[in-house]
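> File name my_file_27.csv; file contents CSV, C-alpha atoms; full text below.
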chain,number,residue,atom,x,y,z
M,1276,MET,CA,0.0,0.0,0.0
M,1277,GLY,CA,1.3,3.5,-0.9
M,1278,TYR,CA,0.8,6.4,1.5
M,1279,GLU,CA,-1.6,7.9,-1.0
M,1280,GLU,CA,-4.1,5.1,-0.3
M,1281,LEU,CA,-4.4,6.2,3.3
M,1282,PHE,CA,-6.0,9.5,2.4
M,1283,PRO,CA,-9.3,10.5,0.7
M,1284,PRO,CA,-9.1,12.8,-2.4
M,1285,CYS,CA,-8.8,16.5,-1.8
M,1286,ASP,CA,-12.0,18.6,-2.0
M,1287,MET,CA,-11.0,20.5,-5.1
M,1288,GLU,CA,-13.7,23.2,-4.6
M,1289,TRP,CA,-12.0,24.0,-1.2
M,1290,HIS,CA,-8.6,23.9,-2.9
M,1291,ALA,CA,-9.7,26.4,-5.6
M,1292,ARG,CA,-10.9,28.8,-2.9
M,1293,SER,CA,-7.8,28.4,-0.9
M,1294,LYS,CA,-5.6,28.9,-3.9
M,1295,LYS,CA,-7.3,32.2,-4.7
M,1296,ARG,CA,-6.9,33.3,-1.1
M,1297,PHE,CA,-3.2,32.2,-1.1
M,1298,ALA,CA,-2.6,34.6,-4.0
M,1299,ASN,CA,-4.0,37.6,-2.1
M,1300,ALA,CA,-0.7,38.8,-0.8
M,1301,PHE,CA,1.3,38.3,-4.0
M,1302,VAL,CA,-1.0,39.6,-6.8
M,1303,ASP,CA,-2.8,42.3,-4.9
M,1304,SER,CA,-6.2,40.6,-5.0
M,1305,LYS,CA,-8.7,40.8,-2.2
M,1306,PHE,CA,-10.4,37.4,-2.2
M,1307,ASP,CA,-12.2,36.0,0.9
M,1308,ARG,CA,-10.1,36.8,4.0
M,1309,VAL,CA,-6.5,37.1,5.2
M,1310,ASP,CA,-4.8,33.7,5.1
M,1311,VAL,CA,-3.6,31.7,8.1
M,1312,ASP,CA,-0.2,29.9,7.8
M,1313,LEU,CA,0.9,27.9,10.8
M,1314,HIS,CA,4.3,26.5,9.7
M,1315,MET,CA,2.6,23.1,9.8
M,1316,LEU,CA,5.1,20.3,10.2
M,1317,SER,CA,4.8,17.2,12.5
M,1318,HIS,CA,1.4,18.4,13.9
M,1319,ALA,CA,-0.1,17.2,10.6
M,1320,ALA,CA,1.2,13.7,11.2
M,1321,VAL,CA,0.1,13.7,14.8
M,1322,ALA,CA,-3.4,14.9,13.8
M,1323,CYS,CA,-3.6,12.0,11.3
M,1324,GLY,CA,-2.7,9.5,14.0
M,1325,TYR,CA,1.0,9.1,13.3
M,1326,THR,CA,4.1,10.2,15.2
M,1327,ILE,CA,6.5,13.1,15.2
M,1328,ARG,CA,9.2,10.7,14.1
M,1329,ASP,CA,7.0,9.4,11.3
M,1330,PHE,CA,6.7,12.9,9.8
M,1331,TYR,CA,10.5,13.2,9.5
M,1332,GLU,CA,11.4,9.5,8.8
M,1333,LYS,CA,8.8,9.0,6.1
M,1334,PRO,CA,8.7,12.2,4.0
M,1335,GLU,CA,6.0,11.1,1.6
M,1336,LEU,CA,3.7,10.3,4.5
M,1337,GLY,CA,4.6,13.6,6.2
M,1338,ILE,CA,3.8,15.8,3.3
M,1339,HIS,CA,0.6,14.0,2.5
M,1340,CYS,CA,-0.5,14.6,6.1
M,1341,VAL,CA,0.2,18.3,5.6
M,1342,ALA,CA,-2.0,18.4,2.5
M,1343,HIS,CA,-4.9,16.6,4.3
M,1344,ILE,CA,-4.7,18.7,7.5
M,1345,TYR,CA,-4.4,22.0,5.7
M,1346,GLN,CA,-7.9,21.2,4.3
M,1347,LEU,CA,-9.2,20.3,7.7
M,1348,TYR,CA,-8.1,23.7,9.1
M,1349,ASP,CA,-8.9,25.7,6.0
M,1350,LEU,CA,-5.2,26.8,5.6
M,1351,LEU,CA,-3.0,26.7,2.5
M,1352,PRO,CA,-3.4,25.1,-0.9
M,1353,VAL,CA,0.4,24.1,-1.1
M,1354,THR,CA,2.5,21.6,0.9
M,1355,HIS,CA,5.9,21.8,2.4
M,1356,TRP,CA,8.1,19.3,4.3
M,1357,PHE,CA,11.3,20.1,6.0
M,1358,TYR,CA,13.2,19.6,9.2
M,1359,ALA,CA,15.3,22.1,11.2
M,1360,SER,CA,18.7,20.8,10.0
M,1361,PRO,CA,19.1,20.8,6.3
M,1362,TRP,CA,22.5,20.2,4.7
M,1363,LEU,CA,24.3,19.1,7.9
M,1364,ALA,CA,24.5,15.5,6.7
M,1365,ASP,CA,26.0,16.8,3.4
M,1366,LEU,CA,28.7,18.5,5.3
M,1367,GLY,CA,29.6,15.3,7.3
M,1368,CYS,CA,27.2,15.1,10.3
M,1369,ASN,CA,25.5,11.8,11.1
M,1370,MET,CA,21.8,12.6,11.6
M,1371,VAL,CA,19.9,10.8,14.2
M,1372,TYR,CA,16.1,10.3,14.1
M,1373,MET,CA,14.4,11.2,17.4
M,1374,ASP,CA,10.9,10.3,18.7
M,1375,SER,CA,9.8,13.7,19.8
M,1376,ILE,CA,11.9,16.2,17.9
M,1377,PRO,CA,13.3,16.6,14.3
M,1378,PRO,CA,16.5,14.7,13.4
M,1379,ILE,CA,19.6,16.1,15.1
M,1380,PRO,CA,23.3,15.7,14.4
M,1381,GLU,CA,24.8,12.9,16.5
M,1382,LYS,CA,27.7,15.2,17.6
M,1383,PRO,CA,29.6,18.2,16.3
M,1384,ILE,CA,32.1,17.4,13.6
M,1385,ILE,CA,34.4,20.4,14.3
M,1386,ALA,CA,36.4,20.5,17.5
M,1387,GLU,CA,38.8,23.4,17.0
M,1388,PRO,CA,38.7,26.7,15.0
M,1389,GLY,CA,41.5,25.4,12.8
M,1390,ASP,CA,39.3,22.4,11.7
M,1391,VAL,CA,37.0,24.7,9.8
M,1392,ASP,CA,39.6,25.0,7.0
M,1393,ASN,CA,39.3,21.3,6.4
M,1394,LEU,CA,35.5,21.4,6.0
M,1395,GLN,CA,34.7,20.8,2.3
M,1396,VAL,CA,31.7,22.4,0.7
M,1397,PRO,CA,30.0,19.8,-1.5
M,1398,SER,CA,29.6,20.7,-5.1
M,1399,ILE,CA,26.2,21.2,-6.7
M,1400,GLU,CA,26.5,17.7,-8.2
M,1401,GLU,CA,27.4,16.3,-4.7
M,1402,VAL,CA,24.5,18.1,-3.1
M,1403,TYR,CA,22.1,16.9,-5.8
M,1404,ASP,CA,22.8,13.2,-4.9
M,1405,GLY,CA,23.4,14.0,-1.2
M,1406,TRP,CA,21.4,13.1,1.9
M,1407,THR,CA,19.2,16.3,2.1
M,1408,TYR,CA,18.3,16.9,-1.5
M,1409,SER,CA,17.7,13.2,-2.2
M,1410,GLN,CA,14.8,13.4,0.3
M,1411,TYR,CA,13.4,16.5,-1.6
M,1412,LYS,CA,13.6,14.6,-4.9
M,1413,ARG,CA,11.6,11.8,-3.3
M,1414,ILE,CA,8.9,14.0,-1.9
M,1415,TYR,CA,8.5,16.3,-4.9
M,1416,ALA,CA,8.2,13.3,-7.2
M,1417,TYR,CA,5.5,11.9,-4.8
M,1418,VAL,CA,3.7,15.2,-4.7
M,1419,GLN,CA,3.7,15.6,-8.4
M,1420,GLU,CA,2.3,12.1,-8.9
M,1421,HIS,CA,-0.3,12.0,-6.1
M,1422,ILE,CA,-1.2,15.5,-5.0
M,1423,PRO,CA,0.1,17.7,-7.8
M,1424,HIS,CA,-2.3,20.6,-7.0
M,1425,THR,CA,-0.3,21.2,-3.8
M,1426,PHE,CA,3.1,21.3,-5.4
M,1427,LEU,CA,5.4,24.3,-4.6
M,1428,PRO,CA,9.2,23.6,-4.8
M,1429,MET,CA,11.0,25.2,-1.8
M,1430,SER,CA,14.6,25.3,-0.7
M,1431,TYR,CA,15.7,25.7,2.9
M,1432,ALA,CA,18.8,27.4,4.2
M,1433,PHE,CA,16.7,27.7,7.4
M,1434,ASP,CA,18.6,29.1,10.3
M,1435,ILE,CA,22.1,29.7,8.8
M,1436,THR,CA,23.6,30.8,12.1
M,1437,GLY,CA,22.1,27.9,14.1
M,1438,GLU,CA,23.0,25.2,11.5
M,1439,ALA,CA,26.6,26.4,11.3
M,1440,ALA,CA,26.7,26.4,15.1
M,1441,ALA,CA,25.6,22.8,15.1
M,1442,LEU,CA,28.7,21.8,13.2
M,1443,CYS,CA,31.0,22.8,16.1
M,1444,GLY,CA,28.6,22.9,19.0
M,1445,VAL,CA,26.4,25.9,19.8
M,1446,GLU,CA,28.3,26.9,23.0
M,1447,ASN,CA,31.6,26.9,21.0
M,1448,PHE,CA,30.2,28.9,18.2
M,1449,ILE,CA,28.8,31.6,20.4
M,1450,MET,CA,32.3,31.8,22.1
M,1451,TRP,CA,33.9,32.0,18.6
M,1452,THR,CA,31.8,35.1,17.7
M,1453,PHE,CA,33.8,36.8,20.5
M,1454,VAL,CA,37.3,35.2,20.3
M,1455,GLU,CA,37.5,33.3,17.0
M,1456,GLN,CA,35.6,35.5,14.6
M,1457,GLU,CA,37.5,34.4,11.5
M,1458,ALA,CA,36.6,30.8,12.1
M,1459,ALA,CA,33.0,31.7,12.8
M,1460,HIS,CA,32.7,33.6,9.5
M,1461,LYS,CA,34.4,30.8,7.6
M,1462,LEU,CA,31.9,28.3,9.0
M,1463,LEU,CA,29.0,30.5,8.2
M,1464,ALA,CA,30.2,31.0,4.7
M,1465,LYS,CA,30.6,27.3,4.0
M,1466,PHE,CA,27.2,26.4,5.3
M,1467,THR,CA,25.7,29.3,3.2
M,1468,GLU,CA,27.5,28.1,0.1
M,1469,THR,CA,26.1,24.6,0.7
M,1470,SER,CA,22.6,25.9,1.1
M,1471,VAL,CA,22.9,28.0,-2.1
M,1472,ASN,CA,23.9,24.8,-4.0
M,1473,GLY,CA,20.8,23.2,-2.6
M,1474,ALA,CA,18.7,26.1,-3.9
M,1475,LEU,CA,20.3,25.8,-7.3
M,1476,CYS,CA,19.5,22.0,-7.4
M,1477,THR,CA,15.8,22.8,-6.8
M,1478,ALA,CA,15.8,25.5,-9.4
M,1479,LYS,CA,17.6,23.2,-11.9
M,1480,ASP,CA,14.9,20.6,-11.4
M,1481,HIS,CA,11.8,22.8,-11.3
M,1482,GLY,CA,12.7,26.1,-12.9
M,1483,TYR,CA,12.4,28.1,-9.7
M,1484,SER,CA,12.7,27.6,-5.9
M,1485,MET,CA,10.9,29.4,-3.1
M,1486,LEU,CA,13.7,30.3,-0.6
M,1487,ILE,CA,13.2,30.0,3.1
M,1488,VAL,CA,15.8,31.4,5.4
M,1489,ALA,CA,15.8,32.3,9.1
M,1490,SER,CA,17.5,34.1,12.0
M,1491,ILE,CA,16.7,32.0,15.0
M,1492,LEU,CA,19.8,31.4,17.1
M,1493,ALA,CA,20.8,34.9,16.3
M,1494,ASN,CA,18.3,36.8,18.4
M,1495,ASN,CA,18.4,39.4,21.1
M,1496,ASP,CA,18.4,36.9,23.9
M,1497,ILE,CA,21.8,35.7,22.8
M,1498,PHE,CA,23.4,38.3,20.5
M,1499,SER,CA,23.6,42.1,20.2
M,1500,ASP,CA,22.1,43.9,17.3
M,1501,GLU,CA,25.5,44.3,15.7
M,1502,ALA,CA,26.3,40.7,16.1
M,1503,ILE,CA,23.0,39.6,14.5
M,1504,LYS,CA,23.9,41.9,11.6
M,1505,GLU,CA,27.4,40.4,11.3
M,1506,PHE,CA,26.7,36.7,12.0
M,1507,SER,CA,23.2,36.3,10.6
M,1508,VAL,CA,21.8,39.0,8.4
M,1509,LYS,CA,25.0,39.1,6.3
M,1510,TYR,CA,24.7,35.4,5.4
M,1511,MET,CA,20.9,35.6,4.9
M,1512,LYS,CA,21.6,38.3,2.3
M,1513,ASP,CA,24.4,36.2,0.7
M,1514,TYR,CA,22.1,33.1,0.5
M,1515,VAL,CA,19.3,35.0,-1.2
M,1516,ASN,CA,21.5,37.0,-3.5
M,1517,LYS,CA,23.6,34.1,-4.8
M,1518,SER,CA,20.5,31.9,-5.1
M,1519,PHE,CA,18.7,34.5,-7.1
M,1520,ARG,CA,21.7,34.9,-9.4
M,1521,GLY,CA,21.7,31.1,-10.0
M,1522,GLY,CA,18.1,31.0,-11.0
M,1523,ALA,CA,16.3,30.3,-7.7
M,1524,GLY,CA,13.5,32.4,-6.3
M,1525,PRO,CA,11.8,34.8,-6.8
M,1526,GLN,CA,9.7,34.0,-3.7
M,1527,VAL,CA,11.5,34.5,-0.3
M,1528,PHE,CA,10.2,33.8,3.2
M,1529,TYR,CA,12.2,35.4,6.0
M,1530,HIS,CA,11.5,33.7,9.3
M,1531,CYS,CA,13.0,35.6,12.2
M,1532,CYS,CA,12.1,33.5,15.2
M,1533,GLY,CA,12.9,34.3,18.8
M,1534,ASN,CA,13.3,37.7,20.5
M,1535,HIS,CA,14.1,40.4,18.0
M,1536,GLU,CA,13.2,43.3,20.3
M,1537,THR,CA,15.7,45.7,18.8
M,1538,SER,CA,17.5,43.7,16.1
M,1539,TYR,CA,14.5,43.8,13.8
M,1540,LYS,CA,15.9,47.0,12.4
M,1541,GLN,CA,18.9,45.1,11.1
M,1542,PHE,CA,16.6,43.2,8.7
M,1543,HIS,CA,16.0,46.2,6.5
M,1544,SER,CA,19.3,45.4,4.7
M,1545,LEU,CA,18.0,42.0,3.5
M,1546,VAL,CA,17.3,41.3,-0.2
M,1547,TRP,CA,13.7,42.0,-1.2
M,1548,SER,CA,11.8,40.7,-4.2
M,1549,PRO,CA,8.2,41.5,-5.2
M,1550,LEU,CA,7.3,38.1,-3.7
M,1551,THR,CA,8.8,38.4,-0.2
M,1552,GLU,CA,7.2,37.5,3.1
M,1553,MET,CA,8.5,38.9,6.4
M,1554,HIS,CA,7.9,37.2,9.7
M,1555,ILE,CA,9.2,38.1,13.2
M,1556,GLY,CA,8.3,35.9,16.1
M,1557,TYR,CA,8.8,37.9,19.3
M,1558,LYS,CA,9.5,41.4,20.7
M,1559,GLY,CA,10.8,40.6,24.2
M,1560,GLN,CA,8.5,38.0,25.7
M,1561,GLU,CA,5.5,39.0,23.6
M,1562,ALA,CA,4.5,38.1,20.1
M,1563,PHE,CA,5.9,40.7,17.7
M,1564,PRO,CA,3.2,43.4,17.2
M,1565,SER,CA,1.7,43.5,13.7
M,1566,ASP,CA,1.4,47.3,13.7
M,1567,LEU,CA,5.2,47.6,14.2
M,1568,LEU,CA,5.9,44.9,11.6
M,1569,VAL,CA,3.7,46.7,9.0
M,1570,LYS,CA,5.3,50.1,9.9
M,1571,GLU,CA,8.8,48.7,9.3
M,1572,PHE,CA,8.3,46.2,6.5
M,1573,GLY,CA,4.9,46.7,5.0
M,1574,ALA,CA,6.1,48.6,2.0
M,1575,LYS,CA,8.7,45.9,1.2
M,1576,ALA,CA,7.0,42.6,1.9
M,1577,THR,CA,3.9,40.7,2.8
M,1578,CYS,CA,3.8,40.8,6.6
M,1579,MET,CA,3.1,37.7,8.7
M,1580,GLY,CA,1.8,38.5,12.1
M,1581,SER,CA,2.3,36.2,15.1
M,1582,VAL,CA,0.3,34.5,17.7
M,1583,ASP,CA,2.4,33.2,20.6
M,1584,THR,CA,2.9,29.4,20.0
M,1585,LYS,CA,2.5,28.8,23.8
M,1586,LEU,CA,-1.1,29.7,23.4
M,1587,LEU,CA,-1.7,27.0,20.8
M,1588,ILE,CA,-1.1,24.3,23.5
M,1589,SER,CA,-3.1,26.0,26.2
M,1590,PRO,CA,-6.7,24.9,26.6
M,1591,ASN,CA,-8.1,28.4,26.0
M,1592,PRO,CA,-9.4,29.0,22.5
M,1593,LYS,CA,-10.8,32.4,23.5
M,1594,ALA,CA,-7.3,33.6,24.4
M,1595,VAL,CA,-6.1,32.4,20.9
M,1596,TYR,CA,-9.0,34.1,19.3
M,1597,ASP,CA,-8.4,37.4,21.1
M,1598,ALA,CA,-4.7,37.4,20.3
M,1599,SER,CA,-5.5,36.6,16.7
M,1600,VAL,CA,-8.0,39.4,16.4
M,1601,LYS,CA,-5.5,41.9,17.9
M,1602,GLN,CA,-2.9,41.0,15.4
M,1603,ILE,CA,-5.2,40.9,12.4
M,1604,VAL,CA,-6.8,44.3,13.1
M,1605,ALA,CA,-3.3,45.8,13.5
M,1606,GLY,CA,-1.9,44.3,10.3
M,1607,ARG,CA,-4.8,43.7,7.8
M,1608,ASP,CA,-4.2,47.0,6.0
M,1609,SER,CA,-0.6,46.2,5.2
M,1610,PRO,CA,0.0,47.6,1.7
M,1611,ARG,CA,1.6,44.4,0.4
M,1612,GLY,CA,-0.7,42.0,2.1
M,1613,TYR,CA,-1.0,40.4,5.5
M,1614,VAL,CA,-1.0,36.7,6.7
M,1615,LEU,CA,-1.6,35.5,10.2
M,1616,GLY,CA,0.7,32.9,11.6
M,1617,ALA,CA,2.2,31.6,14.9
M,1618,SER,CA,5.5,32.8,16.3
M,1619,CYS,CA,7.2,29.6,15.2
M,1620,GLU,CA,6.3,26.1,14.1
M,1621,CYS,CA,2.8,24.9,14.9
M,1622,PRO,CA,3.4,22.8,18.1
M,1623,PRO,CA,3.1,19.0,17.3
M,1624,TYR,CA,0.4,18.8,20.0
M,1625,ALA,CA,-1.4,22.0,19.3
M,1626,LEU,CA,-5.1,21.8,20.2
M,1627,PRO,CA,-7.4,21.8,17.2
M,1628,GLY,CA,-9.8,24.2,18.9
M,1629,ASN,CA,-7.0,26.7,19.1
M,1630,ILE,CA,-6.2,26.5,15.4
M,1631,LEU,CA,-10.0,26.8,14.6
M,1632,ALA,CA,-9.9,30.0,16.8
M,1633,MET,CA,-7.3,31.5,14.5
M,1634,THR,CA,-9.2,30.8,11.3
M,1635,GLN,CA,-12.4,32.0,12.9
M,1636,ALA,CA,-10.7,35.3,13.9
M,1637,ALA,CA,-9.5,35.6,10.3
M,1638,LYS,CA,-13.1,35.2,9.0
M,1639,ASP,CA,-14.5,37.6,11.6
M,1640,TYR,CA,-11.9,40.4,11.4
M,1641,GLY,CA,-10.0,39.7,8.2
M,1642,THR,CA,-12.7,39.2,5.6
M,1643,TYR,CA,-12.1,41.8,2.8
M,1644,GLY,CA,-14.8,44.4,2.4
M,1645,THR,CA,-16.0,44.2,6.0
M,1646,TRP,CA,-13.7,46.8,7.5
Would you put the structure from the file into structure tokens?

Amino acid sequence: MGYEELFPPCDMEWHARSKKRFANAFVDSKFDRVDVDLHMLSHAAVACGYTIRDFYEKPELGIHCVAHIYQLYDLLPVTHWFYASPWLADLGCNMVYMDSIPPIPEKPIIAEPGDVDNLQVPSIEEVYDGWTYSQYKRIYAYVQEHIPHTFLPMSYAFDITGEAAALCGVENFIMWTFVEQEAAHKLLAKFTETSVNGALCTAKDHGYSMLIVASILANNDIFSDEAIKEFSVKYMKDYVNKSFRGGAGPQVFYHCCGNHETSYKQFHSLVWSPLTEMHIGYKGQEAFPSDLLVKEFGAKATCMGSVDTKLLISPNPKAVYDASVKQIVAGRDSPRGYVLGASCECPPYALPGNILAMTQAAKDYGTYGTW
């Protein structure tokens, strides 16, 4: 039995509506309501009766779960599948599957700053047949065969700073940013180049590649604004710029998770295309306010507002609804469009009633023509 035999066919009338709504932010249309995008990953598998590990270890199953659960919650018409550590195996890490979290590297592969010089960046050809991209080839072939209406090729640098740090150990990397800056920059450059090669593989196969890049480890709870600019924003820019020049893009999603209380100003120097979406998770301990997000980035990008992910596992749908309404009202007039999301990944054990509260808030306060 193939995984496709476990799921009923998609409601194509729903999909057509969702597709028109999904286009709102990118083609300046005003169909239905603001979209809700929850960074849905392993919650989709859990909601279908599988495990977190199943989502990551069985990519075809994982991405079909996403397609099915998006319809349940009235979310997006496209699918995505990824884990938090792309390209590490291609650089030499042994990835270990876990029961309750995404795969992680078994151990750092770099012990001393001088070891960075010996780290070899895999070529585009090596990346194409490597551990990470081979999984994308599998799932994209599966999607094109079984759920082609949900197909959107994406490439993930994800958290460049955090992934580079995993190669030597996060504590070591943070220390290097103070005392071994040359080694830190070399490591970031090599991870970035590997990620660019991954984006170019996707573009080669599919003609384009939506780029997803993040600043997560590099946030104000750990780094100063200047350090975030130097050790994160610089490489986010390099990734997008080089990927664009190689034929990837033009869509870009910037996911700035964690506390960016003051560092959000550093993101103005990123690369912007007409199909850019900007998301910032927190300002201090609170979800980043949509009015500030729109003020800073609304002229450059579609803005994604945030509901604190902690609320999604709390048995209080009204609190989720109220938080969603507050963000929607503050962001819905953003000139390049607005999307409601959560501050980070949808928690695997998010409560369905809370997700319904978000989409209900979008209908009540984000339906076009009603405000």
> Within 12 Å of Asp1639 in chain M, counting all atoms listed in the file, which residues show up once you throw out same-chain ones fewer than 6 positions away? Write them as a PyMOL selection string, please.
chain M and resi 1307-1309+1596-1597+1599-1601+1603-1604+1632-1633+1645-1646
> Take the residues that were just selected and, keeping C-alpha atoms, output them as a PDB file, keeping the file's coordinate frame.

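See out.pdb below for the written result:
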ATOM      1  CA  ASP M1307     -12.200  36.000   0.900  1.00  0.00           C
ATOM      2  CA  ARG M1308     -10.100  36.800   4.000  1.00  0.00           C
ATOM      3  CA  VAL M1309      -6.500  37.100   5.200  1.00  0.00           C
ATOM      4  CA  TYR M1596      -9.000  34.100  19.300  1.00  0.00           C
ATOM      5  CA  ASP M1597      -8.400  37.400  21.100  1.00  0.00           C
ATOM      6  CA  SER M1599      -5.500  36.600  16.700  1.00  0.00           C
ATOM      7  CA  VAL M1600      -8.000  39.400  16.400  1.00  0.00           C
ATOM      8  CA  LYS M1601      -5.500  41.900  17.900  1.00  0.00           C
ATOM      9  CA  ILE M1603      -5.200  40.900  12.400  1.00  0.00           C
ATOM     10  CA  VAL M1604      -6.800  44.300  13.100  1.00  0.00           C
ATOM     11  CA  ALA M1632      -9.900  30.000  16.800  1.00  0.00           C
ATOM     12  CA  MET M1633      -7.300  31.500  14.500  1.00  0.00           C
ATOM     13  CA  THR M1645     -16.000  44.200   6.000  1.00  0.00           C
ATOM     14  CA  TRP M1646     -13.700  46.800   7.500  1.00  0.00           C
TER      15      TRP M1646
END
> Rank M:Cys1531, M:Ile1379, M:Leu1313, M:Met1276 by their smallest atom-to-atom distance to Ile1555 in chain M, using only C-alpha atoms, and report the top residue only.
M:Cys1531
> Smallest atom-to-atom distance to Asp1500 in chain M: which of M:Asp1513, M:Thr1407, M:Ala1594, M:Ser1538, using only C-alpha atoms?
M:Ser1538
> Calculate how many Å separate CA of His1421 in chain M from CA of Leu1336 in chain M, rounding to one decimal.
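It comes out at 11.5 Å.
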> Could you pull the residues within 8 Å of Cys1476 in chain M, counting all atoms listed in the file, minus those fewer than 5 positions along the same chain, as JSON, numbers by chain?
{"M": [1399, 1402, 1403, 1408]}
> Filtering to C-alpha atoms, could you give me those residues as a short mmCIF file (atom, residue, chain, number, x, y, z; two decimals), in the frame of the given file?

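Below you can see part.cif, which holds the result:
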data_model
loop_
_atom_site.label_atom_id
_atom_site.label_comp_id
_atom_site.auth_asym_id
_atom_site.auth_seq_id
_atom_site.Cartn_x
_atom_site.Cartn_y
_atom_site.Cartn_z
CA ILE M 1399 26.20 21.20 -6.70
CA VAL M 1402 24.50 18.10 -3.10
CA TYR M 1403 22.10 16.90 -5.80
CA TYR M 1408 18.30 16.90 -1.50
#
